[in-house]
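*Asks:* So that you have it, the file is work.pdb, and it contains PDB, C-alpha atoms:
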ATOM      1  CA  CYS A1299     -12.438  67.375  21.475
ATOM      2  CA  SER A1300     -14.225  68.944  18.497
ATOM      3  CA  ASN A1301     -10.864  69.980  17.028
ATOM      4  CA  LEU A1302      -9.072  66.773  17.936
ATOM      5  CA  LYS A1303      -8.267  64.403  15.096
ATOM      6  CA  LEU A1304      -8.996  61.006  16.602
ATOM      7  CA  PHE A1305      -8.846  58.825  13.507
ATOM      8  CA  SER A1306      -7.462  59.155  10.021
ATOM      9  CA  LYS A1307      -7.369  56.411   7.439
ATOM     10  CA  GLU A1308      -8.391  56.275   3.806
ATOM     11  CA  ASN A1309     -11.277  54.086   2.674
ATOM     12  CA  PHE A1310     -13.042  54.111   6.043
ATOM     13  CA  ALA A1311     -16.408  55.599   6.941
ATOM     14  CA  VAL A1312     -17.754  56.759  10.301
ATOM     15  CA  VAL A1313     -21.359  55.701  10.866
ATOM     16  CA  PRO A1314     -23.128  57.304  13.875
ATOM     17  CA  ILE A1315     -25.737  55.251  15.705
ATOM     18  CA  GLN A1316     -28.616  56.541  17.834
ATOM     19  CA  GLY A1317     -27.998  54.820  21.158
ATOM     20  CA  SER A1318     -25.382  53.800  23.695
ATOM     21  CA  GLY A1319     -22.233  51.819  23.028
ATOM     22  CA  THR A1320     -23.978  48.461  23.051
ATOM     23  CA  PHE A1321     -26.168  49.689  20.181
ATOM     24  CA  SER A1322     -23.127  50.148  17.949
ATOM     25  CA  VAL A1323     -21.641  46.825  19.083
ATOM     26  CA  GLU A1324     -24.842  45.061  18.035
ATOM     27  CA  ALA A1325     -24.947  47.000  14.762
ATOM     28  CA  MET A1326     -21.338  46.006  14.006
ATOM     29  CA  LEU A1327     -21.749  42.338  14.867
ATOM     30  CA  GLY A1328     -25.180  41.894  13.325
ATOM     31  CA  SER A1329     -24.197  43.660  10.107
ATOM     32  CA  LEU A1330     -20.601  42.588   9.500
ATOM     33  CA  VAL A1331     -20.595  38.928  10.519
ATOM     34  CA  PRO A1332     -22.095  37.251   7.422
ATOM     35  CA  LYS A1333     -25.283  35.203   7.702
ATOM     36  CA  ASN A1334     -23.323  32.108   6.725
ATOM     37  CA  GLY A1335     -20.179  33.229   8.545
ATOM     38  CA  LYS A1336     -18.799  32.376  11.954
ATOM     39  CA  ALA A1337     -17.367  34.595  14.664
ATOM     40  CA  LEU A1338     -14.686  33.864  17.225
ATOM     41  CA  VAL A1339     -15.033  36.034  20.343
ATOM     42  CA  LEU A1340     -11.928  36.631  22.447
ATOM     43  CA  SER A1341     -13.259  37.213  25.934
ATOM     44  CA  ASN A1342     -11.811  38.168  29.306
ATOM     45  CA  GLY A1343     -14.723  39.913  30.966
ATOM     46  CA  SER A1344     -18.369  40.913  30.817
ATOM     47  CA  TYR A1345     -18.211  42.817  27.536
ATOM     48  CA  GLY A1346     -16.634  39.941  25.644
ATOM     49  CA  LYS A1347     -19.402  37.713  26.963
ATOM     50  CA  ARG A1348     -21.931  40.337  25.833
ATOM     51  CA  CYS A1349     -20.530  40.189  22.299
ATOM     52  CA  TYR A1350     -21.002  36.426  22.379
ATOM     53  CA  GLU A1351     -24.578  36.841  23.600
ATOM     54  CA  ILE A1352     -25.377  39.423  20.894
ATOM     55  CA  LEU A1353     -24.116  37.105  18.167
ATOM     56  CA  ARG A1354     -26.291  34.286  19.475
ATOM     57  CA  TYR A1355     -29.328  36.601  19.427
ATOM     58  CA  CYS A1356     -28.405  37.539  15.851
ATOM     59  CA  LYS A1357     -28.446  33.825  14.957
ATOM     60  CA  ARG A1358     -24.791  33.853  13.939
ATOM     61  CA  SER A1359     -22.527  30.879  14.363
ATOM     62  CA  VAL A1360     -20.121  31.809  17.148
ATOM     63  CA  GLU A1361     -17.455  30.354  19.406
ATOM     64  CA  ILE A1362     -15.606  31.892  22.306
ATOM     65  CA  ILE A1363     -12.131  31.705  23.803
ATOM     66  CA  ASP A1364     -12.797  32.728  27.402
ATOM     67  CA  MET A1365      -9.708  33.637  29.436
ATOM     68  CA  GLY A1366     -11.657  34.468  32.593
ATOM     69  CA  ASP A1367     -11.227  37.870  34.227
ATOM     70  CA  PHE A1368      -7.468  37.972  34.695
ATOM     71  CA  LEU A1369      -5.684  37.034  31.461
ATOM     72  CA  PRO A1370      -5.369  38.521  27.969
ATOM     73  CA  PRO A1371      -6.110  36.310  24.947
ATOM     74  CA  ASP A1372      -3.483  33.650  24.350
ATOM     75  CA  PRO A1373      -1.932  34.118  20.869
ATOM     76  CA  LEU A1374      -1.187  30.383  20.594
ATOM     77  CA  LEU A1375      -4.826  29.491  21.281
ATOM     78  CA  ILE A1376      -5.997  32.019  18.690
ATOM     79  CA  LYS A1377      -3.626  30.652  16.052
ATOM     80  CA  LYS A1378      -4.609  27.085  16.833
ATOM     81  CA  LYS A1379      -8.311  27.889  16.562
ATOM     82  CA  LEU A1380      -8.012  29.859  13.328
ATOM     83  CA  ASN A1381      -5.848  27.153  11.827
ATOM     84  CA  SER A1382      -8.250  24.353  12.728
ATOM     85  CA  ASP A1383     -11.584  26.067  11.987
ATOM     86  CA  LEU A1384     -11.736  27.405   8.452
ATOM     87  CA  ASP A1385     -15.370  28.455   8.903
ATOM     88  CA  ILE A1386     -14.375  31.379  11.126
ATOM     89  CA  THR A1387     -14.782  34.620   9.163
ATOM     90  CA  ASN A1388     -14.515  37.206  11.940
ATOM     91  CA  VAL A1389     -12.603  37.652  15.185
ATOM     92  CA  VAL A1390     -14.210  39.881  17.835
ATOM     93  CA  LEU A1391     -12.112  41.636  20.466
ATOM     94  CA  VAL A1392     -12.785  44.112  23.284
ATOM     95  CA  HIS A1393      -9.923  46.626  23.254
ATOM     96  CA  CYS A1394     -10.132  47.594  26.936
ATOM     97  CA  GLU A1395     -12.256  45.173  28.945
ATOM     98  CA  THR A1396     -13.797  47.510  31.491
ATOM     99  CA  SER A1397     -15.087  44.817  33.816
ATOM    100  CA  SER A1398     -11.660  43.239  34.374
ATOM    101  CA  GLY A1399      -9.436  46.240  33.607
ATOM    102  CA  ILE A1400      -7.468  44.370  30.945
ATOM    103  CA  LEU A1401      -6.042  46.346  28.034
ATOM    104  CA  ASN A1402      -5.886  43.724  25.329
ATOM    105  CA  PRO A1403      -2.937  43.539  22.888
ATOM    106  CA  ILE A1404      -4.782  44.550  19.717
ATOM    107  CA  LYS A1405      -1.580  44.998  17.711
ATOM    108  CA  ILE A1406      -0.516  41.392  18.273
ATOM    109  CA  ILE A1407      -4.021  40.057  17.696
ATOM    110  CA  SER A1408      -4.434  42.158  14.559
ATOM    111  CA  LYS A1409      -1.300  40.624  13.053
ATOM    112  CA  ILE A1410      -2.512  37.113  13.840
ATOM    113  CA  VAL A1411      -5.957  37.735  12.356
ATOM    114  CA  LYS A1412      -4.446  39.284   9.244
ATOM    115  CA  SER A1413      -2.031  36.361   8.794
ATOM    116  CA  PHE A1414      -5.048  34.034   8.636
ATOM    117  CA  ASN A1415      -6.918  36.394   6.295
ATOM    118  CA  ARG A1416      -9.852  36.872   8.669
ATOM    119  CA  SER A1417     -11.763  40.024   9.616
ATOM    120  CA  LEU A1418     -11.127  41.785  12.955
ATOM    121  CA  LEU A1419     -13.982  43.618  14.710
ATOM    122  CA  ILE A1420     -13.058  45.737  17.742
ATOM    123  CA  ASP A1421     -15.161  47.032  20.624
ATOM    124  CA  SER A1422     -13.105  50.045  21.741
ATOM    125  CA  MET A1423     -15.653  51.685  24.045
ATOM    126  CA  SER A1424     -13.262  52.321  26.914
ATOM    127  CA  ALA A1425     -10.118  53.004  24.873
ATOM    128  CA  PHE A1426     -10.844  54.998  21.708
ATOM    129  CA  GLY A1427      -9.961  58.642  22.171
ATOM    130  CA  ALA A1428      -7.554  57.922  25.033
ATOM    131  CA  ILE A1429      -5.279  55.187  23.712
ATOM    132  CA  PRO A1430      -3.739  55.808  20.273
ATOM    133  CA  ILE A1431      -4.518  53.326  17.507
ATOM    134  CA  ASP A1432      -1.766  53.185  14.910
ATOM    135  CA  CYS A1433      -3.641  52.373  11.719
ATOM    136  CA  ALA A1434      -0.399  51.569   9.929
ATOM    137  CA  GLU A1435       0.143  48.628  12.287
ATOM    138  CA  ILE A1436      -3.341  47.635  13.444
ATOM    139  CA  GLU A1437      -5.656  46.403  10.704
ATOM    140  CA  PHE A1438      -9.364  45.931  11.310
ATOM    141  CA  ASP A1439     -12.622  46.016   9.391
ATOM    142  CA  ALA A1440     -14.590  47.837  12.076
ATOM    143  CA  LEU A1441     -14.159  49.566  15.412
ATOM    144  CA  VAL A1442     -16.951  50.909  17.593
ATOM    145  CA  SER A1443     -16.965  53.412  20.429
ATOM    146  CA  SER A1444     -19.240  55.878  22.195
ATOM    147  CA  ALA A1445     -19.436  59.614  22.783
ATOM    148  CA  ASN A1446     -19.645  59.318  26.567
ATOM    149  CA  LYS A1447     -16.503  57.308  27.246
ATOM    150  CA  CYS A1448     -12.975  58.584  26.603
ATOM    151  CA  ILE A1449     -14.252  61.358  24.323
ATOM    152  CA  GLU A1450     -16.043  62.682  27.438
ATOM    153  CA  GLY A1451     -19.239  63.698  25.695
ATOM    154  CA  VAL A1452     -22.759  62.942  26.875
ATOM    155  CA  PRO A1453     -24.601  59.631  26.458
ATOM    156  CA  GLY A1454     -26.926  59.371  23.500
ATOM    157  CA  PHE A1455     -24.995  58.202  20.483
ATOM    158  CA  SER A1456     -22.210  55.872  19.483
ATOM    159  CA  PHE A1457     -20.408  55.226  16.222
ATOM    160  CA  ALA A1458     -18.795  52.603  14.036
ATOM    161  CA  ILE A1459     -15.627  53.175  12.022
ATOM    162  CA  VAL A1460     -15.887  50.713   9.145
ATOM    163  CA  SER A1461     -13.824  49.942   6.076
ATOM    164  CA  SER A1462     -15.538  50.826   2.817
ATOM    165  CA  ASP A1463     -15.113  47.272   1.537
ATOM    166  CA  ALA A1464     -16.738  45.771   4.639
ATOM    167  CA  LEU A1465     -19.624  48.256   4.430
ATOM    168  CA  ALA A1466     -20.275  47.490   0.785
ATOM    169  CA  ALA A1467     -20.190  43.744   1.422
ATOM    170  CA  CYS A1468     -22.693  43.790   4.301
ATOM    171  CA  GLU A1469     -25.729  45.055   2.394
ATOM    172  CA  GLY A1470     -28.777  42.990   3.349
ATOM    173  CA  ASN A1471     -26.882  41.194   6.080
ATOM    174  CA  ALA A1472     -28.434  42.709   9.219
ATOM    175  CA  ARG A1473     -31.291  41.033  11.067
ATOM    176  CA  SER A1474     -32.560  44.370  12.391
ATOM    177  CA  VAL A1475     -33.818  47.523  10.695
ATOM    178  CA  SER A1476     -32.476  49.833  13.409
ATOM    179  CA  PHE A1477     -29.059  48.146  13.642
ATOM    180  CA  ASP A1478     -28.367  47.895   9.912
ATOM    181  CA  LEU A1479     -24.981  49.608   9.448
ATOM    182  CA  HIS A1480     -25.199  49.546   5.655
ATOM    183  CA  ALA A1481     -28.665  51.147   5.591
ATOM    184  CA  GLN A1482     -27.596  53.741   8.176
ATOM    185  CA  TRP A1483     -24.523  54.627   6.133
ATOM    186  CA  LYS A1484     -26.412  54.806   2.830
ATOM    187  CA  GLY A1485     -29.093  57.017   4.358
ATOM    188  CA  LEU A1486     -26.575  59.455   5.794
ATOM    189  CA  GLU A1487     -24.617  59.517   2.532
ATOM    190  CA  ALA A1488     -27.773  60.227   0.551
ATOM    191  CA  ASN A1489     -29.094  63.236   2.452
ATOM    192  CA  GLY A1490     -27.016  63.776   5.587
ATOM    193  CA  GLN A1491     -29.984  62.790   7.739
ATOM    194  CA  PHE A1492     -30.491  60.006  10.264
ATOM    195  CA  ARG A1493     -33.047  57.430   9.165
ATOM    196  CA  PHE A1494     -34.856  57.793  12.497
ATOM    197  CA  THR A1495     -35.054  60.502  15.197
ATOM    198  CA  PRO A1496     -31.542  61.953  15.572
ATOM    199  CA  PRO A1497     -29.894  62.333  19.014
ATOM    200  CA  THR A1498     -29.556  66.076  18.363
ATOM    201  CA  HIS A1499     -28.931  67.142  21.956
ATOM    202  CA  ALA A1500     -26.175  64.550  22.449
ATOM    203  CA  LEU A1501     -24.494  65.405  19.152
ATOM    204  CA  LEU A1502     -24.495  69.134  19.904
ATOM    205  CA  SER A1503     -23.307  68.661  23.487
ATOM    206  CA  SER A1504     -20.485  66.345  22.484
ATOM    207  CA  SER A1505     -19.320  68.576  19.653
ATOM    208  CA  SER A1506     -18.733  71.397  22.114
ATOM    209  CA  VAL A1507     -16.593  69.337  24.518
TER
END
Render the structure in this file as structure tokens.

*Replies:*
Amino acid sequence: CSNLKLFSKENFAVVPIQGSGTFSVEAMLGSLVPKNGKALVLSNGSYGKRCYEILRYCKRSVEIIDMGDFLPPDPLLIKKKLNSDLDITNVVLVHCETSSGILNPIKIISKIVKSFNRSLLIDSMSAFGAIPIDCAEIEFDALVSSANKCIEGVPGFSFAIVSSDALAACEGNARSVSFDLHAQWKGLEANGQFRFTPPTHALLSSSSV
């Protein structure tokens, strides 16, 4: 896939992370949900619940709409929650919930989140690279995925696709040195080098797929 154009949108940056998909999920959530913000997790499986758990570890205010393992998020419940809770700054969604096999309707959810002027954060581990994302219709502040899923590379690194505005606004927000998206981005922009030991073998292997 080295010659495959997977994503194209102005004013976005791709920030590689040393580690598996969960590393980039934690970097996204811990960096982009403000310290005084509040996240709403839309869950219908294990990975939605993991997002909720990560946010609690990051000491972020968080609530969850849990649809169990069989149903997609209910648009009416999302609208009701966003309308009633003005403290919510970010909505978190798993694009394809691997544990339940549900492909969530990110286009519909994106429109709802945008209509309430909130920020959408997407875990697209099991969808990005296989399921097209129309950036003209789906608006988000960040999307994360991994080399070893639909891109069919080897495990060892993941990445976050983040809007430039969201990156600039999250400086000093992270609770972890390793999972600080802003610091990772600034370091790579400054000298093209990872801040810590790079996953060289995984990067080279995946680039040749």

*Asks:* Of the residues A:Val1389, A:Ile1407, A:Phe1310, A:Cys1349, which is the one nearest to Pro1371 (chain A), using all atoms listed in the file?

*Replies:*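 That would be A:Ile1407, the residue with the smallest distance to Pro1371 (chain A).
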
*Asks:* When you look at Glu1361 (chain A) with a cut-off of 8 Å (counting only C-alpha atoms), what residues show up, excluding the ones that are within fewer than 4 positions of it in the same chain? I need them as a ChimeraX atom specification.

*Replies:* /A:1336-1339,1350

*Asks:* So that I have them on file, write out the residues from the current selection with C-alpha atoms, as an mmCIF file, in the frame of the given file.

*Replies:*
data_model
loop_
_atom_site.group_PDB
_atom_site.id
_atom_site.type_symbol
_atom_site.label_atom_id
_atom_site.label_comp_id
_atom_site.auth_asym_id
_atom_site.auth_seq_id
_atom_site.Cartn_x
_atom_site.Cartn_y
_atom_site.Cartn_z
ATOM 1 C CA LYS A 1336 -18.799 32.376 11.954
ATOM 2 C CA ALA A 1337 -17.367 34.595 14.664
ATOM 3 C CA LEU A 1338 -14.686 33.864 17.225
ATOM 4 C CA VAL A 1339 -15.033 36.034 20.343
ATOM 5 C CA TYR A 1350 -21.002 36.426 22.379
#

*Asks:* Please enumerate the residues selected by the PyMOL selection byres ((chain A and resi 1469) around 10) when evaluated against the supplied file, formatted as a ChimeraX atom specification.

*Replies:* /A:1329-1330,1332,1464-1468,1470-1472,1478-1481,1484

*Asks:* Could you spell out the hits of the PyMOL selection byres ((chain A and resi 1317-1322) around 8) on the shown file, as a PyMOL selection string?

*Replies:* chain A and resi 1315-1316+1323-1326+1423+1442-1444+1453-1458+1477

*Asks:* With all atoms listed in the file as the basis for distance, which of A:Ile1420, A:Ile1386, A:Cys1394, A:Leu1353 is at the shortest distance from Phe1438 (chain A)?

*Replies:*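 That would be A:Ile1420, the residue with the smallest distance to Phe1438 (chain A).
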
*Asks:* Which is closest to Asn1415 (chain A) among A:Lys1447, A:Leu1441, A:Leu1380, A:Gly1399, if we use all atoms listed in the file?

*Replies:*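 When distances to Asn1415 (chain A) are compared using all atoms listed in the file, the smallest one comes from A:Leu1380.
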
*Asks:* To one decimal place, how far is CA of Asn1334 (chain A) from CA of Arg1354 (chain A) in Å?

*Replies:*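 Separation of CA of Asn1334 (chain A) and CA of Arg1354 (chain A): 13.3 Å.
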
*Asks:* For each of A:Asp1372, A:Glu1308, A:Glu1351, A:Glu1450, take the minimum atom-to-atom distance to Ile1406 (chain A), counting all atoms listed in the file, then give the residue where this is smallest.

*Replies:*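 Closest to Ile1406 (chain A), using all atoms listed in the file: A:Asp1372.
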
*Asks:* The PyMOL selection byres ((chain A and resi 1366) around 9) - which residues does that actually catch in the file I just gave you? List them as a PyMOL selection string.

*Replies:* chain A and resi 1341-1343+1364-1365+1367-1370+1398

*Asks:* Considering only C-alpha atoms, can you say which of A:Ile1376, A:Ala1500, A:Val1452, A:Ile1363 comes closest to Arg1416 (chain A)?

*Replies:* A:Ile1376

*Asks:* Which of these, A:Gly1451, A:Val1390, A:Ala1445, A:Leu1401, has the shortest distance to Gly1346 (chain A) once you count only C-alpha atoms?

*Replies:*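 For Gly1346 (chain A), the nearest of the candidates is A:Val1390.
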
*Asks:* Return region 1366-1395 of chain A, completed with N, CA and C atoms, as a compact mmCIF listing (two decimals), keeping the file's coordinate frame.

*Replies:*
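And here's rebuild.txt as it stands now:
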# COMPACT_ATOMS: atom_id res chain seq x y z
N GLY A 1366 -11.30 34.05 31.24
CA GLY A 1366 -11.66 34.47 32.59
C GLY A 1366 -11.55 35.97 32.75
N ASP A 1367 -11.29 36.43 33.96
CA ASP A 1367 -11.23 37.87 34.23
C ASP A 1367 -9.82 38.39 34.51
N PHE A 1368 -8.81 37.58 34.26
CA PHE A 1368 -7.47 37.97 34.70
C PHE A 1368 -6.40 37.90 33.61
N LEU A 1369 -6.72 37.28 32.47
CA LEU A 1369 -5.68 37.03 31.46
C LEU A 1369 -6.07 37.61 30.11
N PRO A 1370 -5.11 38.11 29.35
CA PRO A 1370 -5.37 38.52 27.97
C PRO A 1370 -5.51 37.29 27.07
N PRO A 1371 -6.01 37.45 25.86
CA PRO A 1371 -6.11 36.31 24.95
C PRO A 1371 -4.74 35.69 24.70
N ASP A 1372 -4.72 34.39 24.59
CA ASP A 1372 -3.48 33.65 24.35
C ASP A 1372 -3.25 33.54 22.84
N PRO A 1373 -2.18 34.16 22.31
CA PRO A 1373 -1.93 34.12 20.87
C PRO A 1373 -1.86 32.69 20.32
N LEU A 1374 -1.30 31.77 21.07
CA LEU A 1374 -1.19 30.38 20.59
C LEU A 1374 -2.56 29.74 20.44
N LEU A 1375 -3.47 30.04 21.39
CA LEU A 1375 -4.83 29.49 21.28
C LEU A 1375 -5.56 30.08 20.08
N ILE A 1376 -5.35 31.38 19.85
CA ILE A 1376 -6.00 32.02 18.69
C ILE A 1376 -5.50 31.39 17.39
N LYS A 1377 -4.19 31.25 17.26
CA LYS A 1377 -3.63 30.65 16.05
C LYS A 1377 -4.13 29.23 15.84
N LYS A 1378 -4.15 28.47 16.92
CA LYS A 1378 -4.61 27.08 16.83
C LYS A 1378 -6.06 27.02 16.36
N LYS A 1379 -6.90 27.90 16.93
CA LYS A 1379 -8.31 27.89 16.56
C LYS A 1379 -8.53 28.32 15.12
N LEU A 1380 -7.85 29.38 14.70
CA LEU A 1380 -8.01 29.86 13.33
C LEU A 1380 -7.46 28.86 12.32
N ASN A 1381 -6.44 28.15 12.71
CA ASN A 1381 -5.85 27.15 11.83
C ASN A 1381 -6.74 25.93 11.67
N SER A 1382 -7.45 25.58 12.74
CA SER A 1382 -8.25 24.35 12.73
C SER A 1382 -9.69 24.57 12.26
N ASP A 1383 -10.19 25.80 12.35
CA ASP A 1383 -11.58 26.07 11.99
C ASP A 1383 -11.63 27.07 10.84
N LEU A 1384 -11.74 26.55 9.64
CA LEU A 1384 -11.74 27.40 8.45
C LEU A 1384 -13.06 28.13 8.25
N ASP A 1385 -14.08 27.78 9.03
CA ASP A 1385 -15.37 28.46 8.90
C ASP A 1385 -15.38 29.83 9.57
N ILE A 1386 -14.41 30.09 10.43
CA ILE A 1386 -14.38 31.38 11.13
C ILE A 1386 -14.07 32.50 10.14
N THR A 1387 -14.96 33.48 10.07
CA THR A 1387 -14.78 34.62 9.16
C THR A 1387 -14.36 35.88 9.90
N ASN A 1388 -14.75 35.98 11.18
CA ASN A 1388 -14.52 37.21 11.94
C ASN A 1388 -14.00 36.89 13.34
N VAL A 1389 -13.08 37.73 13.81
CA VAL A 1389 -12.60 37.65 15.18
C VAL A 1389 -13.06 38.92 15.89
N VAL A 1390 -13.64 38.76 17.08
CA VAL A 1390 -14.21 39.88 17.84
C VAL A 1390 -13.39 40.09 19.11
N LEU A 1391 -12.98 41.33 19.34
CA LEU A 1391 -12.11 41.64 20.47
C LEU A 1391 -12.57 42.91 21.16
N VAL A 1392 -12.57 42.90 22.50
CA VAL A 1392 -12.78 44.11 23.28
C VAL A 1392 -11.41 44.73 23.57
N HIS A 1393 -11.22 45.96 23.13
CA HIS A 1393 -9.92 46.63 23.25
C HIS A 1393 -9.53 46.77 24.73
N CYS A 1394 -10.36 47.45 25.49
CA CYS A 1394 -10.13 47.59 26.94
C CYS A 1394 -11.34 47.00 27.64
N GLU A 1395 -11.15 45.87 28.27
CA GLU A 1395 -12.26 45.17 28.94
C GLU A 1395 -12.52 45.83 30.29
